[in-house]
>>> print(open('start_15.cif').read())   # mmCIF, C-alpha atoms
data_input
loop_
_atom_site.label_atom_id
_atom_site.label_comp_id
_atom_site.auth_asym_id
_atom_site.auth_seq_id
_atom_site.Cartn_x
_atom_site.Cartn_y
_atom_site.Cartn_z
CA MET A 1 9.65 -8.04 -50.82
CA ASP A 2 10.76 -7.17 -47.30
CA LEU A 3 12.72 -4.14 -46.10
CA SER A 4 16.16 -5.82 -46.28
CA HIS A 5 15.71 -6.77 -49.94
CA LEU A 6 14.56 -3.23 -50.71
CA ILE A 7 17.67 -1.73 -49.06
CA VAL A 8 20.00 -4.08 -50.99
CA ALA A 9 18.27 -3.18 -54.26
CA LEU A 10 18.65 0.54 -53.55
CA LEU A 11 22.34 0.10 -52.75
CA ALA A 12 22.83 -1.87 -55.96
CA LEU A 13 21.18 0.91 -57.93
CA LEU A 14 23.43 3.48 -56.26
CA VAL A 15 26.53 1.41 -57.01
CA GLY A 16 25.46 0.93 -60.63
CA GLY A 17 24.81 4.63 -61.00
CA ALA A 18 28.19 5.50 -59.53
CA VAL A 19 29.99 3.06 -61.84
CA GLY A 20 28.13 4.48 -64.84
CA ILE A 21 29.12 8.03 -63.93
CA ILE A 22 32.79 7.06 -63.57
CA LEU A 23 32.77 5.24 -66.89
CA ALA A 24 31.08 8.19 -68.56
CA ARG A 25 33.82 10.51 -67.31
CA SER A 26 36.61 8.13 -68.34
CA LEU A 27 35.44 7.41 -71.87
CA PRO A 28 35.85 10.97 -73.30
CA GLU A 29 39.44 11.09 -72.13
CA THR A 30 40.32 7.97 -74.08
CA GLN A 31 38.41 8.66 -77.27
CA GLY A 32 41.07 11.19 -78.52
CA ARG A 33 43.89 8.66 -78.67
CA ALA A 34 45.29 8.17 -82.15
CA ASP A 35 45.78 4.45 -81.94
CA GLY A 36 42.04 3.92 -81.35
CA ALA A 37 42.69 1.63 -78.35
CA GLY A 38 40.05 1.36 -75.57
CA PRO A 39 40.44 2.85 -72.14
CA ALA A 40 43.14 1.45 -69.94
CA PRO A 41 41.69 -0.93 -67.32
CA ASP A 42 43.84 0.53 -64.58
CA ALA A 43 42.63 4.01 -65.37
CA VAL A 44 39.00 2.92 -64.94
CA ALA A 45 39.47 0.48 -62.06
CA GLY A 46 41.27 2.95 -59.81
CA PRO A 47 38.50 5.54 -59.51
CA VAL A 48 35.83 2.85 -59.38
CA ASN A 49 37.52 1.02 -56.52
CA ALA A 50 38.08 4.27 -54.65
CA LEU A 51 34.39 5.10 -55.01
CA LEU A 52 33.17 1.60 -54.18
CA ALA A 53 35.39 1.09 -51.11
CA PRO A 54 33.01 2.87 -48.66
CA LEU A 55 30.04 1.17 -50.28
CA ARG A 56 31.79 -2.20 -49.99
CA GLN A 57 32.42 -1.59 -46.28
CA THR A 58 28.82 -0.51 -45.79
CA LEU A 59 27.56 -3.58 -47.63
CA ASP A 60 29.78 -5.85 -45.53
CA ALA A 61 28.50 -4.28 -42.30
CA LEU A 62 24.95 -4.46 -43.58
CA GLY A 63 25.43 -8.09 -44.53
CA HIS A 64 26.72 -8.84 -41.03
CA GLU A 65 23.73 -7.09 -39.48
CA PHE A 66 21.41 -9.01 -41.79
CA ALA A 67 23.05 -12.29 -40.78
CA VAL A 68 22.68 -11.46 -37.06
CA ALA A 69 19.07 -10.39 -37.57
CA GLU A 70 18.34 -13.54 -39.53
CA ARG A 71 19.79 -15.74 -36.78
CA SER A 72 17.73 -13.86 -34.19
CA ARG A 73 14.64 -14.19 -36.35
CA VAL A 74 15.17 -17.91 -36.76
CA ALA A 75 15.68 -18.36 -33.01
CA ALA A 76 12.61 -16.25 -32.23
CA PHE A 77 10.46 -18.15 -34.71
CA ALA A 78 11.74 -21.44 -33.29
CA GLY A 79 10.72 -20.35 -29.76
CA LEU A 80 7.38 -19.09 -31.04
CA ARG A 81 6.81 -22.35 -32.88
CA GLU A 82 7.53 -24.28 -29.68
CA GLN A 83 5.14 -22.09 -27.69
CA ILE A 84 2.44 -22.51 -30.29
CA SER A 85 2.95 -26.26 -30.16
CA THR A 86 2.67 -26.18 -26.35
CA VAL A 87 -0.51 -24.12 -26.54
CA ALA A 88 -1.91 -26.50 -29.13
CA ARG A 89 -1.15 -29.53 -26.95
CA THR A 90 -2.64 -27.81 -23.90
CA SER A 91 -5.73 -26.86 -25.85
CA GLU A 92 -6.09 -30.40 -27.08
CA ALA A 93 -5.74 -31.79 -23.55
CA LEU A 94 -8.23 -29.23 -22.28
CA ARG A 95 -10.63 -30.14 -25.05
CA ALA A 96 -10.33 -33.80 -24.13
CA GLU A 97 -10.85 -33.05 -20.42
CA THR A 98 -13.85 -30.88 -21.24
CA ALA A 99 -15.34 -33.63 -23.36
CA THR A 100 -14.78 -36.12 -20.55
CA LEU A 101 -16.34 -33.78 -18.00
CA ARG A 102 -19.30 -33.11 -20.28
CA SER A 103 -19.82 -36.83 -20.75
CA ALA A 104 -19.62 -37.36 -16.98
CA MET A 105 -22.08 -34.56 -16.31
CA LYS A 106 -24.67 -36.34 -18.43
CA SER A 107 -25.01 -38.91 -15.65
CA PRO A 108 -27.58 -37.87 -12.98
CA THR A 109 -25.60 -39.70 -10.27
CA VAL A 110 -22.38 -37.84 -11.05
CA ARG A 111 -24.23 -34.50 -11.23
CA GLY A 112 -25.89 -35.13 -7.88
CA ARG A 113 -22.65 -36.03 -6.15
CA TRP A 114 -20.91 -32.99 -7.65
CA GLY A 115 -23.71 -30.75 -6.39
CA GLU A 116 -23.42 -32.21 -2.86
CA LEU A 117 -19.64 -31.69 -2.80
CA GLN A 118 -20.04 -28.10 -3.98
CA LEU A 119 -22.67 -27.52 -1.29
CA GLU A 120 -20.40 -28.82 1.48
CA ARG A 121 -17.49 -26.76 0.20
CA VAL A 122 -19.58 -23.57 0.14
CA ALA A 123 -20.72 -24.25 3.71
CA GLU A 124 -17.08 -24.57 4.81
CA LEU A 125 -16.06 -21.43 2.91
CA ALA A 126 -18.82 -19.52 4.70
CA GLY A 127 -16.79 -19.85 7.92
CA LEU A 128 -19.29 -21.79 9.98
CA SER A 129 -18.01 -22.03 13.54
CA ARG A 130 -18.91 -24.45 16.30
CA HIS A 131 -21.84 -22.20 17.11
CA CYS A 132 -23.17 -22.53 13.55
CA ASP A 133 -22.45 -26.10 12.47
CA PHE A 134 -24.09 -28.13 9.73
CA SER A 135 -24.95 -31.79 9.17
CA THR A 136 -25.16 -33.75 5.93
CA GLN A 137 -27.62 -36.41 4.84
CA VAL A 138 -29.91 -36.03 7.86
CA SER A 139 -32.91 -38.35 7.63
CA GLY A 140 -36.37 -37.30 8.72
CA ALA A 141 -39.99 -38.30 8.37
CA VAL A 142 -42.89 -36.38 6.84
CA GLY A 143 -45.94 -38.46 7.55
CA ASP A 144 -45.19 -41.95 6.29
CA ALA A 145 -42.48 -40.79 3.88
CA ARG A 146 -38.77 -40.65 4.66
CA VAL A 147 -36.83 -37.62 3.43
CA ARG A 148 -33.15 -36.78 3.56
CA PRO A 149 -31.93 -33.28 2.65
CA ASP A 150 -28.35 -32.93 1.44
CA LEU A 151 -27.41 -30.49 4.20
CA VAL A 152 -29.02 -29.14 7.39
CA VAL A 153 -27.72 -25.87 8.85
CA HIS A 154 -28.27 -25.48 12.59
CA LEU A 155 -29.74 -22.10 13.47
CA ALA A 156 -29.68 -20.26 16.77
CA GLY A 157 -32.58 -21.07 19.04
CA GLY A 158 -32.67 -24.78 18.22
CA ARG A 159 -33.99 -24.36 14.66
CA ASP A 160 -32.59 -25.91 11.46
CA LEU A 161 -32.50 -24.94 7.79
CA ALA A 162 -32.67 -27.60 5.08
CA VAL A 163 -30.59 -27.17 1.90
CA ASP A 164 -30.83 -29.48 -1.11
CA ALA A 165 -28.54 -29.42 -4.18
CA LYS A 166 -30.09 -29.70 -7.64
CA VAL A 167 -28.17 -29.80 -10.94
CA PRO A 168 -30.58 -29.72 -13.92
CA LEU A 169 -28.06 -29.87 -16.76
CA ASP A 170 -29.56 -31.98 -19.56
CA ALA A 171 -30.96 -29.10 -21.59
CA TYR A 172 -28.05 -26.83 -20.68
CA LEU A 173 -25.46 -29.29 -22.03
CA GLN A 174 -27.46 -29.66 -25.23
CA LEU A 175 -27.55 -25.87 -25.47
CA LEU A 176 -23.75 -25.70 -25.49
CA GLU A 177 -23.56 -27.99 -28.54
CA ALA A 178 -26.67 -26.84 -30.42
CA PRO A 179 -26.77 -24.28 -33.24
CA PRO A 180 -28.10 -20.79 -32.42
CA ALA A 181 -31.47 -21.56 -34.00
CA GLU A 182 -32.23 -24.09 -31.25
CA HIS A 183 -31.09 -22.00 -28.29
CA ALA A 184 -34.49 -20.50 -27.48
CA ALA A 185 -36.23 -23.89 -27.30
CA LEU A 186 -33.44 -25.41 -25.18
CA LEU A 187 -33.48 -22.43 -22.79
CA SER A 188 -37.23 -22.87 -22.32
CA ASP A 189 -36.69 -26.58 -21.64
CA HIS A 190 -33.93 -25.71 -19.15
CA ALA A 191 -36.23 -23.31 -17.27
CA ARG A 192 -39.04 -25.90 -17.31
CA ARG A 193 -36.73 -28.41 -15.63
CA PHE A 194 -35.94 -25.83 -12.94
CA ARG A 195 -39.66 -25.40 -12.25
CA SER A 196 -40.07 -29.16 -12.05
CA HIS A 197 -37.31 -29.40 -9.41
CA VAL A 198 -38.90 -26.55 -7.44
CA VAL A 199 -42.27 -28.32 -7.37
CA GLN A 200 -40.69 -31.62 -6.31
CA LEU A 201 -38.65 -29.95 -3.58
CA ALA A 202 -41.64 -28.07 -2.21
CA GLY A 203 -43.62 -31.32 -2.07
CA LYS A 204 -41.06 -32.97 0.21
CA ARG A 205 -41.76 -30.43 3.02
CA TYR A 206 -38.32 -30.66 4.57
CA TRP A 207 -39.28 -28.06 7.20
CA ASP A 208 -41.63 -30.59 8.82
CA ALA A 209 -38.88 -33.20 8.98
CA VAL A 210 -35.99 -31.15 10.41
CA GLY A 211 -37.88 -28.49 12.37
CA SER A 212 -36.76 -25.64 10.14
CA PRO A 213 -38.59 -22.46 9.20
CA GLU A 214 -41.20 -23.06 6.53
CA LEU A 215 -38.81 -22.87 3.62
CA VAL A 216 -36.09 -24.91 1.94
CA VAL A 217 -33.04 -23.74 0.00
CA MET A 218 -32.48 -25.17 -3.48
CA PHE A 219 -28.75 -24.91 -4.15
CA VAL A 220 -27.59 -24.55 -7.79
CA PRO A 221 -23.79 -25.15 -7.93
CA ALA A 222 -23.05 -22.62 -10.71
CA GLU A 223 -24.29 -19.10 -11.44
CA ALA A 224 -24.54 -19.78 -15.18
CA PHE A 225 -27.13 -22.54 -14.74
CA LEU A 226 -29.59 -20.30 -12.91
CA ASP A 227 -28.82 -17.32 -15.16
CA ALA A 228 -29.70 -19.33 -18.26
CA ALA A 229 -33.00 -20.42 -16.68
CA LEU A 230 -33.87 -16.84 -15.70
CA GLN A 231 -33.24 -15.66 -19.26
CA ALA A 232 -36.04 -17.90 -20.46
CA ASP A 233 -38.24 -17.59 -17.35
CA PRO A 234 -37.81 -14.26 -15.49
CA GLU A 235 -40.59 -15.21 -13.02
CA LEU A 236 -38.78 -18.33 -11.84
CA LEU A 237 -37.64 -16.77 -8.54
CA GLU A 238 -41.19 -15.65 -7.65
CA PHE A 239 -42.53 -19.06 -8.65
CA ALA A 240 -40.10 -20.73 -6.23
CA LEU A 241 -40.74 -18.30 -3.36
CA ASP A 242 -44.49 -18.85 -3.62
CA ARG A 243 -43.76 -22.52 -2.86
CA ASN A 244 -41.38 -21.78 0.05
CA VAL A 245 -38.30 -22.62 -2.03
CA VAL A 246 -35.32 -20.22 -2.15
CA LEU A 247 -33.06 -20.55 -5.20
CA ALA A 248 -29.43 -20.02 -4.17
CA THR A 249 -26.14 -20.04 -6.06
CA PRO A 250 -22.70 -20.30 -4.37
CA THR A 251 -22.51 -16.51 -3.98
CA THR A 252 -25.94 -16.03 -2.42
CA LEU A 253 -25.61 -19.15 -0.25
CA VAL A 254 -22.30 -17.93 1.21
CA ALA A 255 -23.96 -14.62 2.11
CA MET A 256 -26.90 -16.47 3.67
CA LEU A 257 -24.69 -18.79 5.73
CA ARG A 258 -22.51 -15.91 6.92
CA ALA A 259 -25.66 -14.19 8.16
CA VAL A 260 -26.47 -17.40 10.02
CA ALA A 261 -22.97 -17.41 11.53
CA LEU A 262 -23.48 -13.80 12.63
CA SER A 263 -26.74 -14.75 14.33
CA TRP A 264 -24.85 -17.52 16.16
CA ARG A 265 -22.30 -15.02 17.40
CA GLN A 266 -25.07 -12.73 18.61
CA HIS A 267 -26.71 -15.70 20.30
CA ALA A 268 -23.42 -16.57 22.00
CA LEU A 269 -23.07 -12.98 23.23
CA GLY A 270 -26.60 -13.15 24.64
CA GLU A 271 -25.82 -16.39 26.44
CA ASP A 272 -22.62 -14.87 27.87
CA ALA A 273 -24.57 -11.83 29.08
CA ALA A 274 -27.10 -14.11 30.81
CA ARG A 275 -24.29 -16.06 32.48
CA ILE A 276 -22.64 -12.84 33.63
CA GLN A 277 -25.95 -11.71 35.15
CA ALA A 278 -26.39 -15.04 36.96
CA LEU A 279 -22.81 -14.95 38.27
CA GLY A 280 -23.30 -11.36 39.43
CA ARG A 281 -26.45 -12.30 41.32
CA GLU A 282 -24.67 -15.25 42.93
CA LEU A 283 -21.70 -13.07 43.86
CA ASN A 284 -24.05 -10.50 45.41
CA GLU A 285 -25.71 -13.17 47.54
CA ARG A 286 -22.34 -14.40 48.73
CA PHE A 287 -21.27 -10.87 49.58
CA ASP A 288 -24.41 -10.51 51.69
CA VAL A 289 -23.54 -13.70 53.56
CA LEU A 290 -19.99 -12.48 54.04
CA ASN A 291 -21.30 -9.15 55.34
CA SER A 292 -23.40 -10.97 57.93
CA HIS A 293 -20.33 -12.91 59.05
CA PHE A 294 -18.34 -9.70 59.34
CA SER A 295 -21.16 -8.13 61.38
CA ALA A 296 -21.26 -11.11 63.74
CA LEU A 297 -17.47 -10.99 64.08
CA GLY A 298 -17.57 -7.24 64.82
CA THR A 299 -20.24 -7.76 67.47
CA ALA A 300 -18.16 -10.50 69.06
CA LEU A 301 -15.07 -8.26 69.01
CA GLY A 302 -17.06 -5.46 70.63
CA LYS A 303 -18.22 -7.76 73.42
CA THR A 304 -14.64 -8.97 73.84
CA VAL A 305 -13.44 -5.38 74.22
CA GLU A 306 -16.21 -4.66 76.74
CA ALA A 307 -15.27 -7.77 78.74
CA PHE A 308 -11.61 -6.79 78.56
CA ASN A 309 -12.31 -3.26 79.77
CA ALA A 310 -14.50 -4.60 82.62
CA THR A 311 -11.69 -6.92 83.65
CA VAL A 312 -9.17 -4.08 83.55
CA GLY A 313 -11.50 -1.88 85.63
CA SER A 314 -11.99 -4.62 88.19
CA TYR A 315 -8.23 -5.15 88.36
CA ASN A 316 -7.45 -1.48 88.79
CA ALA A 317 -10.21 -0.91 91.33
CA ARG A 318 -9.65 -3.93 93.52
CA VAL A 319 -6.74 -6.22 92.71
CA GLY A 320 -4.35 -3.41 91.91
CA VAL A 321 -5.07 -1.51 95.16
CA THR A 322 -4.38 -4.56 97.30
CA ALA A 323 -1.25 -5.32 95.28
CA ARG A 324 0.06 -1.79 95.77
CA ARG A 325 -0.57 -1.97 99.53
CA LEU A 326 1.27 -5.22 99.66
CA ALA A 327 4.18 -3.71 97.75
CA ASP A 328 4.43 -0.87 100.28
CA LEU A 329 5.43 -3.29 103.07
CA ASP A 330 9.09 -3.20 104.00
CA SER A 331 9.41 -6.93 103.88
CA MET A 332 8.29 -7.08 100.19
CA PRO A 333 10.81 -6.63 97.41
CA GLY A 334 10.81 -3.23 95.78
CA GLY A 335 9.64 -2.51 92.29
CA SER A 336 6.72 -0.93 90.57
CA ARG A 337 3.96 -2.65 88.64
CA ASP A 338 2.18 -0.99 85.69
CA ASP A 339 -1.55 -1.09 85.79
CA PRO A 340 -3.24 -2.47 82.63
CA GLN A 341 -4.96 0.10 80.43
CA GLU A 342 -8.43 -0.15 79.01
CA LEU A 343 -9.00 -0.33 75.24
CA ASP A 344 -10.65 2.72 73.74
CA ARG A 345 -11.09 1.31 70.22
CA ALA A 346 -14.12 -0.48 68.87
CA PRO A 347 -14.55 -2.49 65.65
CA ARG A 348 -15.76 -0.51 62.62
CA ALA A 349 -19.33 -0.99 61.53
CA VAL A 350 -19.79 -3.40 58.60
CA PRO A 351 -22.03 -2.12 55.73
CA THR A 352 -25.35 -3.86 55.61
CA ALA A 353 -26.81 -5.50 52.50
CA ALA A 354 -28.74 -2.33 51.71
CA ASP A 355 -25.51 -0.28 51.72
CA SER A 356 -23.49 -2.73 49.57
CA ARG A 357 -22.84 -1.77 45.96
CA PHE A 358 -23.39 -5.40 45.01
CA SER A 359 -26.86 -5.51 46.51
CA GLN A 360 -29.80 -6.18 44.30
CA ARG A 361 -32.08 -3.31 43.54
#
>>> encode(input="start_15.cif", output="C-alpha cells")
Amino acid sequence: MDLSHLIVALLALLVGGAVGIILARSLPETQGRADGAGPAPDAVAGPVNALLAPLRQTLDALGHEFAVAERSRVAAFAGLREQISTVARTSEALRAETATLRSAMKSPTVRGRWGELQLERVAELAGLSRHCDFSTQVSGAVGDARVRPDLVVHLAGGRDLAVDAKVPLDAYLQLLEAPPAEHAALLSDHARRFRSHVVQLAGKRYWDAVGSPELVVMFVPAEAFLDAALQADPELLEFALDRNVVLATPTTLVAMLRAVALSWRQHALGEDAARIQALGRELNERFDVLNSHFSALGTALGKTVEAFNATVGSYNARVGVTARRLADLDSMPGGSRDDPQELDRAPRAVPTAADSRFSQR
C-alpha cells in the first residue's frame, strides 16, 4: 500500500467516525417520540452534510492532486522506460562491437597493423618537429638477414632509434573470457609470450641495421597488456633490459620521444650558436679589410691636403706677388683678389685591427 492509499483510508475513517458521532447524537433526541417513528432524514442529513462539506472539498482537491501526480508519474515512467530502452540498445550494440573487435584481435595480422597505427599516432602526439622526424618500415641488413623495424626515430648527431610494435594478446583475450580459477595460468602464459617476443626482438639486432644505440624499443599499444604481464612476471622489465630491449607503453613512449625532441631543439641551438660564431668571425675579417681601406683613404686625403697646401703656398709666395704688382699698374682694371688659404685640417686616424672591438682575441 502506498502513501496515497493510506491517506485516503485515514480520511475515510475520519469521515466514518464523524458520521457515527452525528448519528449517535441524533438518535437520543428521536427515541422519546410517542409515535415510535425513526429519526427524520432531514434532521440527520443536515448536520452530516455540514460536517462533510469541508471533507468533501478536501477530498476533491486531494483527488485532483492525485490525478496530476499520477499523470506526472506515468509521463516520468514513460520517459524512464524510453531511456532504459535506449541504454539497452546501446549496450547491445556495444556488446556486438566488442565481440567483433575481440574476434578481429584474434588475428595476428590485424593485431600487428593495429600496433603499427598506434605507434605512428603516439609518435605524432609526441610533437616531433622537423628536427626530430621519424620513418616507418625502414629496411636494413644484419649480416645476411634483412630486417625492417616498424618505426625509426632520428636522433641528434646522425643516430637513429628503432621501435617495434608487439601485441601479444592470445592469452590476454582468453583471460577476459575465462573463469577466475584459470586466471593465474593464463597470466603466466601471457607473461611467457612477452618474454618470447623480447628474445626474438633482441635477436634481430636492429641497432646494427639502422645505426642506433645498442637498444631497441618494444612498443606495447595498451598499458593493461603490460600490466597483466608484470603481475605474473615482476622481473620482466629487467629481463628485457638485460637483452637491450626497452618495454614501452604509449605513456612512456611519449615521454621518451619528447625527450628526443628536446635534444633536437638543443642540437638546433648549438648549430645556431656555431653559425653565429662563424658569421661573427667573417664580419670581423671584413671589418679589418674595411679598416685598411679607410686607412689608405685617410693617407691619400692627407697627401692631398699637403699637396693643396704646397700649391697654396707657392701661389701666395710667387704667383700672388706678381699678380698684385700687375694690379697696381694704372693701366690695369681695379679690383682686389683674395689669396687662397691653406687647409689646417687633417683626416682623423682610423682604428687599427688591434683597436677594433670586432677584432679576434
>>> atom_distance(input="start_15.cif", atom1="atom CA of Arg281 of chain A", atom2="atom CA of His267 of chain A")
21.3 Å
>>> residues_around(input="start_15.cif", residues="segment 344-347 of chain A", least_positions_apart="5", cutoff="12 Å", atoms="all atoms listed in the file", output="PyMOL selection string")
chain A and resi 294-306+308-309
>>> closest_residue(input="start_15.cif", among="A:Gln83, A:Ser91, A:Gln231, A:Ser292", to="His190 of chain A", atoms="all atoms listed in the file")
A:Gln231
>>> residues_around(input="start_15.cif", residues="Leu247 of chain A", least_positions_apart="3", cutoff="8 Å", atoms="all atoms listed in the file", output="count of residues only")
6
>>> atom_distance(input="start_15.cif", atom1="atom CA of Ala229 of chain A", atom2="atom CA of Thr252 of chain A")
16.5 Å
>>> resolve_selection(input="start_15.cif", expression="the PyMOL selection byres ((chain A and resi 186) around 12)", output="list in words")
Leu169, Asp170, Ala171, Tyr172, Leu173, Gln174, Leu175, Leu176, Glu177, Ala178, Pro179, Pro180, Ala181, Glu182, His183, Ala184, Ala185, Leu187, Ser188, Asp189, His190, Ala191, Arg192, Arg193, Ala228, Ala229, Gln231 and Ala232 of chain A
>>> write_last_selection(input="start_15.cif", atoms="C-alpha atoms", output="PDB file, keeping the file's coordinate frame")
ATOM      1  CA  LEU A 169     -28.060 -29.870 -16.760  1.00  0.00           C
ATOM      2  CA  ASP A 170     -29.560 -31.980 -19.560  1.00  0.00           C
ATOM      3  CA  ALA A 171     -30.960 -29.100 -21.590  1.00  0.00           C
ATOM      4  CA  TYR A 172     -28.050 -26.830 -20.680  1.00  0.00           C
ATOM      5  CA  LEU A 173     -25.460 -29.290 -22.030  1.00  0.00           C
ATOM      6  CA  GLN A 174     -27.460 -29.660 -25.230  1.00  0.00           C
ATOM      7  CA  LEU A 175     -27.550 -25.870 -25.470  1.00  0.00           C
ATOM      8  CA  LEU A 176     -23.750 -25.700 -25.490  1.00  0.00           C
ATOM      9  CA  GLU A 177     -23.560 -27.990 -28.540  1.00  0.00           C
ATOM     10  CA  ALA A 178     -26.670 -26.840 -30.420  1.00  0.00           C
ATOM     11  CA  PRO A 179     -26.770 -24.280 -33.240  1.00  0.00           C
ATOM     12  CA  PRO A 180     -28.100 -20.790 -32.420  1.00  0.00           C
ATOM     13  CA  ALA A 181     -31.470 -21.560 -34.000  1.00  0.00           C
ATOM     14  CA  GLU A 182     -32.230 -24.090 -31.250  1.00  0.00           C
ATOM     15  CA  HIS A 183     -31.090 -22.000 -28.290  1.00  0.00           C
ATOM     16  CA  ALA A 184     -34.490 -20.500 -27.480  1.00  0.00           C
ATOM     17  CA  ALA A 185     -36.230 -23.890 -27.300  1.00  0.00           C
ATOM     18  CA  LEU A 187     -33.480 -22.430 -22.790  1.00  0.00           C
ATOM     19  CA  SER A 188     -37.230 -22.870 -22.320  1.00  0.00           C
ATOM     20  CA  ASP A 189     -36.690 -26.580 -21.640  1.00  0.00           C
ATOM     21  CA  HIS A 190     -33.930 -25.710 -19.150  1.00  0.00           C
ATOM     22  CA  ALA A 191     -36.230 -23.310 -17.270  1.00  0.00           C
ATOM     23  CA  ARG A 192     -39.040 -25.900 -17.310  1.00  0.00           C
ATOM     24  CA  ARG A 193     -36.730 -28.410 -15.630  1.00  0.00           C
ATOM     25  CA  ALA A 228     -29.700 -19.330 -18.260  1.00  0.00           C
ATOM     26  CA  ALA A 229     -33.000 -20.420 -16.680  1.00  0.00           C
ATOM     27  CA  GLN A 231     -33.240 -15.660 -19.260  1.00  0.00           C
ATOM     28  CA  ALA A 232     -36.040 -17.900 -20.460  1.00  0.00           C
TER      29      ALA A 232
END
>>> atom_distance(input="start_15.cif", atom1="atom CA of Phe77 of chain A", atom2="atom CA of Ala61 of chain A")
24.0 Å
>>> residues_around(input="start_15.cif", residues="Gly143 of chain A", least_positions_apart="6", cutoff="12 Å", atoms="all atoms listed in the file", output="ChimeraX atom specification")
/A:204-206,208-209
>>> resolve_selection(input="start_15.cif", expression="the PyMOL selection byres ((chain A and resi 154-165) around 6)", output="VMD selection string")
chain A and resid 115 to 116 132 to 134 149 to 153 166 211 to 212 216 to 219 264
>>> closest_residue(input="start_15.cif", among="A:Gly320, A:Val167, A:Asp272, A:Ala96", to="Ala248 of chain A", atoms="only C-alpha atoms")
A:Val167
>>> build_atoms(input="start_15.cif", residues="segment 219-225 of chain A", atoms="all heavy atoms", output="PDB file, keeping the file's coordinate frame")
ATOM      1  N   PHE A 219     -30.089 -25.367  -3.800  1.00  0.00           N
ATOM      2  CA  PHE A 219     -28.750 -24.910  -4.150  1.00  0.00           C
ATOM      3  C   PHE A 219     -28.415 -25.315  -5.584  1.00  0.00           C
ATOM      4  O   PHE A 219     -28.493 -26.494  -5.952  1.00  0.00           O
ATOM      5  CB  PHE A 219     -27.719 -25.491  -3.193  1.00  0.00           C
ATOM      6  CG  PHE A 219     -26.294 -25.199  -3.566  1.00  0.00           C
ATOM      7  CD1 PHE A 219     -25.791 -23.920  -3.482  1.00  0.00           C
ATOM      8  CD2 PHE A 219     -25.461 -26.217  -4.019  1.00  0.00           C
ATOM      9  CE1 PHE A 219     -24.479 -23.642  -3.821  1.00  0.00           C
ATOM     10  CE2 PHE A 219     -24.150 -25.954  -4.361  1.00  0.00           C
ATOM     11  CZ  PHE A 219     -23.657 -24.664  -4.264  1.00  0.00           C
ATOM     12  N   VAL A 220     -28.042 -24.325  -6.413  1.00  0.00           N
ATOM     13  CA  VAL A 220     -27.590 -24.550  -7.790  1.00  0.00           C
ATOM     14  C   VAL A 220     -26.083 -24.293  -7.803  1.00  0.00           C
ATOM     15  O   VAL A 220     -25.636 -23.180  -7.490  1.00  0.00           O
ATOM     16  CB  VAL A 220     -28.315 -23.611  -8.771  1.00  0.00           C
ATOM     17  CG1 VAL A 220     -27.876 -23.894 -10.194  1.00  0.00           C
ATOM     18  CG2 VAL A 220     -29.823 -23.755  -8.626  1.00  0.00           C
ATOM     19  N   PRO A 221     -25.241 -25.279  -8.137  1.00  0.00           N
ATOM     20  CA  PRO A 221     -23.790 -25.150  -7.930  1.00  0.00           C
ATOM     21  C   PRO A 221     -23.053 -24.213  -8.878  1.00  0.00           C
ATOM     22  O   PRO A 221     -21.846 -24.074  -8.760  1.00  0.00           O
ATOM     23  CB  PRO A 221     -23.287 -26.589  -8.095  1.00  0.00           C
ATOM     24  CG  PRO A 221     -24.311 -27.268  -8.917  1.00  0.00           C
ATOM     25  CD  PRO A 221     -25.616 -26.627  -8.592  1.00  0.00           C
ATOM     26  N   ALA A 222     -23.735 -23.554  -9.813  1.00  0.00           N
ATOM     27  CA  ALA A 222     -23.050 -22.620 -10.710  1.00  0.00           C
ATOM     28  C   ALA A 222     -24.008 -21.485 -11.058  1.00  0.00           C
ATOM     29  O   ALA A 222     -25.208 -21.704 -11.260  1.00  0.00           O
ATOM     30  CB  ALA A 222     -22.566 -23.316 -11.981  1.00  0.00           C
ATOM     31  N   GLU A 223     -23.465 -20.273 -11.128  1.00  0.00           N
ATOM     32  CA  GLU A 223     -24.290 -19.100 -11.440  1.00  0.00           C
ATOM     33  C   GLU A 223     -24.867 -19.184 -12.845  1.00  0.00           C
ATOM     34  O   GLU A 223     -25.987 -18.744 -13.092  1.00  0.00           O
ATOM     35  CB  GLU A 223     -23.430 -17.831 -11.311  1.00  0.00           C
ATOM     36  CG  GLU A 223     -22.596 -17.711 -10.054  1.00  0.00           C
ATOM     37  CD  GLU A 223     -23.407 -17.257  -8.866  1.00  0.00           C
ATOM     38  OE1 GLU A 223     -24.528 -16.777  -9.084  1.00  0.00           O
ATOM     39  OE2 GLU A 223     -22.918 -17.407  -7.736  1.00  0.00           O
ATOM     40  N   ALA A 224     -24.095 -19.768 -13.777  1.00  0.00           N
ATOM     41  CA  ALA A 224     -24.540 -19.780 -15.180  1.00  0.00           C
ATOM     42  C   ALA A 224     -25.793 -20.623 -15.365  1.00  0.00           C
ATOM     43  O   ALA A 224     -26.626 -20.307 -16.227  1.00  0.00           O
ATOM     44  CB  ALA A 224     -23.411 -20.314 -16.065  1.00  0.00           C
ATOM     45  N   PHE A 225     -25.955 -21.679 -14.573  1.00  0.00           N
ATOM     46  CA  PHE A 225     -27.130 -22.540 -14.740  1.00  0.00           C
ATOM     47  C   PHE A 225     -28.411 -21.768 -14.413  1.00  0.00           C
ATOM     48  O   PHE A 225     -29.390 -21.803 -15.172  1.00  0.00           O
ATOM     49  CB  PHE A 225     -27.030 -23.764 -13.835  1.00  0.00           C
ATOM     50  CG  PHE A 225     -25.782 -24.588 -14.050  1.00  0.00           C
ATOM     51  CD1 PHE A 225     -25.314 -25.439 -13.061  1.00  0.00           C
ATOM     52  CD2 PHE A 225     -25.064 -24.501 -15.235  1.00  0.00           C
ATOM     53  CE1 PHE A 225     -24.160 -26.181 -13.257  1.00  0.00           C
ATOM     54  CE2 PHE A 225     -23.906 -25.244 -15.433  1.00  0.00           C
ATOM     55  CZ  PHE A 225     -23.462 -26.074 -14.433  1.00  0.00           C
TER      56      PHE A 225
END
